[in-house]
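One structure is given here, and the rest of the page talks about it.
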Amino acid sequence: MDKKKKRSIAVIDGQGGGIGSTIIKRLRETLGEEVEIIGFGHQCDGNGAMLKGGANKGASGENAIVQTVKSVDIIIGTTGIVLANSMMGELTPKMAESIASSTALKLLLPLKISEVEIIGAPKEPLPHLVDQLMRRIQEMIET
């Protein structure tokens, strides 16, 4: 019997992992065990929060992100994950480059970054953005 390969999703967060753990909880509620979720925090606290949220695996640090984003299907995070030195310097240039260069589809939430304004992006609260994210992922998984 041919088993369908699970899609792998990397959720990248920083500064505590609150946004990442929220996304991971919703992914689990929406998709159950249909996907493999890897949570990345820039520090151990953030990583722990995402594991508690339901990630299959978790890691922290530059090398973990740089190596893993090469092999996942989807990368989720805020717009800051593709901006070098964002998140108060936690996101290194090497991390930003590896995420941006990955062949994975990047689903980015347009949360406010003080030095960046994304013209045309909705000014929606995080829960509304996560709802939109879940709808998009469900569309992708179903096709």
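Numbering starts fresh at 1 for the residues of each chain in the structure tokens, the chains themselves are lettered A, B, ... in the order given, and ligands are numbered from 1 as they appear.
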Val11 (chain A): which residues within 10 Å, counting only C-alpha atoms, same-chain residues fewer than 6 positions away excluded, as an mmCIF file with N, CA, C and O atoms, in the first residue's frame?
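The new file part_13.cif reads:
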data_model
loop_
_atom_site.group_PDB
_atom_site.id
_atom_site.type_symbol
_atom_site.label_atom_id
_atom_site.label_comp_id
_atom_site.auth_asym_id
_atom_site.auth_seq_id
_atom_site.Cartn_x
_atom_site.Cartn_y
_atom_site.Cartn_z
ATOM 1 N N GLY A 17 8.189 32.721 21.620
ATOM 2 C CA GLY A 17 7.444 31.651 20.970
ATOM 3 C C GLY A 17 5.940 31.749 21.074
ATOM 4 O O GLY A 17 5.233 30.813 20.709
ATOM 5 N N ILE A 19 3.651 33.598 19.386
ATOM 6 C CA ILE A 19 2.969 33.556 18.093
ATOM 7 C C ILE A 19 3.092 32.159 17.490
ATOM 8 O O ILE A 19 2.116 31.585 17.003
ATOM 9 N N GLY A 20 4.288 31.588 17.555
ATOM 10 C CA GLY A 20 4.503 30.245 17.019
ATOM 11 C C GLY A 20 3.651 29.199 17.706
ATOM 12 O O GLY A 20 3.062 28.338 17.050
ATOM 13 N N SER A 21 3.547 29.262 19.022
ATOM 14 C CA SER A 21 2.734 28.261 19.732
ATOM 15 C C SER A 21 1.255 28.433 19.403
ATOM 16 O O SER A 21 0.530 27.447 19.269
ATOM 17 N N ILE A 23 0.065 29.488 16.497
ATOM 18 C CA ILE A 23 -0.085 28.918 15.149
ATOM 19 C C ILE A 23 -0.076 27.400 15.213
ATOM 20 O O ILE A 23 -0.901 26.733 14.581
ATOM 21 N N ILE A 24 0.832 26.834 15.983
ATOM 22 C CA ILE A 24 0.937 25.377 16.066
ATOM 23 C C ILE A 24 -0.322 24.771 16.683
ATOM 24 O O ILE A 24 -0.847 23.765 16.190
ATOM 25 N N ILE A 37 4.926 19.040 12.142
ATOM 26 C CA ILE A 37 5.217 20.429 12.487
ATOM 27 C C ILE A 37 6.541 20.489 13.240
ATOM 28 O O ILE A 37 6.743 19.780 14.219
ATOM 29 N N ILE A 38 7.407 21.370 12.754
ATOM 30 C CA ILE A 38 8.698 21.594 13.405
ATOM 31 C C ILE A 38 8.703 23.038 13.896
ATOM 32 O O ILE A 38 8.560 23.969 13.101
ATOM 33 N N GLY A 39 8.851 23.223 15.192
ATOM 34 C CA GLY A 39 8.851 24.552 15.774
ATOM 35 C C GLY A 39 10.264 25.046 15.980
ATOM 36 O O GLY A 39 11.113 24.321 16.505
ATOM 37 N N PHE A 40 10.518 26.274 15.563
ATOM 38 C CA PHE A 40 11.835 26.880 15.743
ATOM 39 C C PHE A 40 11.706 28.155 16.546
ATOM 40 O O PHE A 40 11.049 29.106 16.122
ATOM 41 N N GLY A 41 12.343 28.160 17.698
ATOM 42 C CA GLY A 41 12.461 29.377 18.484
ATOM 43 C C GLY A 41 13.907 29.806 18.431
ATOM 44 O O GLY A 41 14.799 28.982 18.241
ATOM 45 N N MET A 50 6.577 26.114 21.762
ATOM 46 C CA MET A 50 6.036 25.514 20.544
ATOM 47 C C MET A 50 5.878 24.000 20.677
ATOM 48 O O MET A 50 4.933 23.426 20.153
ATOM 49 N N ALA A 55 4.017 20.864 18.494
ATOM 50 C CA ALA A 55 4.999 20.574 17.445
ATOM 51 C C ALA A 55 5.541 19.159 17.604
ATOM 52 O O ALA A 55 5.709 18.678 18.723
ATOM 53 N N GLY A 58 11.278 20.234 17.750
ATOM 54 C CA GLY A 58 11.606 21.634 17.943
ATOM 55 C C GLY A 58 13.102 21.807 18.067
ATOM 56 O O GLY A 58 13.820 20.893 18.456
ATOM 57 N N ILE A 74 6.510 23.833 3.809
ATOM 58 C CA ILE A 74 5.918 25.134 4.099
ATOM 59 C C ILE A 74 6.680 25.760 5.259
ATOM 60 O O ILE A 74 7.028 25.068 6.225
ATOM 61 N N ILE A 75 6.912 27.063 5.178
ATOM 62 C CA ILE A 75 7.509 27.819 6.278
ATOM 63 C C ILE A 75 6.498 28.880 6.691
ATOM 64 O O ILE A 75 5.990 29.628 5.839
ATOM 65 N N ILE A 76 6.216 28.949 7.990
ATOM 66 C CA ILE A 76 5.267 29.925 8.518
ATOM 67 C C ILE A 76 5.977 30.807 9.534
ATOM 68 O O ILE A 76 6.737 30.318 10.372
ATOM 69 N N GLY A 77 5.691 32.086 9.464
ATOM 70 C CA GLY A 77 6.223 33.023 10.441
ATOM 71 C C GLY A 77 5.735 34.422 10.125
ATOM 72 O O GLY A 77 4.907 34.630 9.242
ATOM 73 N N THR A 78 6.261 35.390 10.840
ATOM 74 C CA THR A 78 5.929 36.779 10.558
ATOM 75 C C THR A 78 6.854 37.280 9.449
ATOM 76 O O THR A 78 7.838 36.626 9.097
ATOM 77 N N LEU A 107 4.567 31.292 4.095
ATOM 78 C CA LEU A 107 3.313 31.938 4.467
ATOM 79 C C LEU A 107 3.644 32.883 5.613
ATOM 80 O O LEU A 107 3.912 32.444 6.734
#
Backbone-only DSSP, alpha helix (DSSP H) members of chain A, as a PyMOL selection string:
chain A and resi 18-31+44-53+62-68+93-101+126-142
Per residue of region 20-50 of chain A within 12 Å of region 116-137 of chain A, record the nearest atom pair and its distance in Å to one decimal, counting only C-alpha atoms, with rows in chain order and ascending residue number, as JSON lines.
{"residue": "A:Gly20", "atom": "CA", "partner": "A:Val130", "partner_atom": "CA", "distance": 10.4}
{"residue": "A:Ser21", "atom": "CA", "partner": "A:Val130", "partner_atom": "CA", "distance": 11.4}
{"residue": "A:Thr22", "atom": "CA", "partner": "A:Val130", "partner_atom": "CA", "distance": 8.3}
{"residue": "A:Ile23", "atom": "CA", "partner": "A:Val130", "partner_atom": "CA", "distance": 6.6}
{"residue": "A:Ile24", "atom": "CA", "partner": "A:Val130", "partner_atom": "CA", "distance": 10.1}
{"residue": "A:Lys25", "atom": "CA", "partner": "A:Val130", "partner_atom": "CA", "distance": 10.5}
{"residue": "A:Arg26", "atom": "CA", "partner": "A:Met134", "partner_atom": "CA", "distance": 7.4}
{"residue": "A:Leu27", "atom": "CA", "partner": "A:Met134", "partner_atom": "CA", "distance": 6.9}
{"residue": "A:Arg28", "atom": "CA", "partner": "A:Met134", "partner_atom": "CA", "distance": 10.3}
{"residue": "A:Glu29", "atom": "CA", "partner": "A:Met134", "partner_atom": "CA", "distance": 9.8}
{"residue": "A:Thr30", "atom": "CA", "partner": "A:Met134", "partner_atom": "CA", "distance": 7.2}
{"residue": "A:Leu31", "atom": "CA", "partner": "A:Met134", "partner_atom": "CA", "distance": 9.0}
{"residue": "A:Glu34", "atom": "CA", "partner": "A:Ile137", "partner_atom": "CA", "distance": 11.6}
{"residue": "A:Val35", "atom": "CA", "partner": "A:Ile137", "partner_atom": "CA", "distance": 10.6}
Counting only C-alpha atoms, which residue out of A:Ala64, A:Ala59, A:Val72, A:Leu51 sits closest to Ser102 (chain A)?
A:Val72
All strand (DSSP E) residues (DSSP, backbone) inside region 46-121 of chain A, as a ChimeraX atom specification
/A:57-60,74-78,105-109
Show which residues sit within 12 Å of Thr103 (chain A), as a PyMOL selection string. Count only C-alpha atoms, and ignore same-chain residues fewer than 3 positions away.
chain A and resi 68-75+97-100+106
Separation of CA of Asn56 (chain A) and CA of Lys94 (chain A), in Å?
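Computed distance, CA of Asn56 (chain A) to CA of Lys94 (chain A), equals 24.7 Å.
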Name the closest residue to Pro93 (chain A) among the candidates A:Leu105, A:Ile12, A:Val66, A:Ile113; distances are taken between atoms, counting only C-alpha atoms.
A:Val66
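Between CA of Ile9 (chain A) and CA of Glu36 (chain A) lies a distance of 6.1 Å.
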Between CA of Gly18 (chain A) and CA of Ile81 (chain A), what is the distance in Å, rounded to a tenth?
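These two atoms are separated by 14.9 Å.
Proximity ranking of A:Ala84, A:Glu90, A:Leu108, A:Ile141 relative to Lys5 (chain A) places A:Ile141 first, based on only C-alpha atoms.
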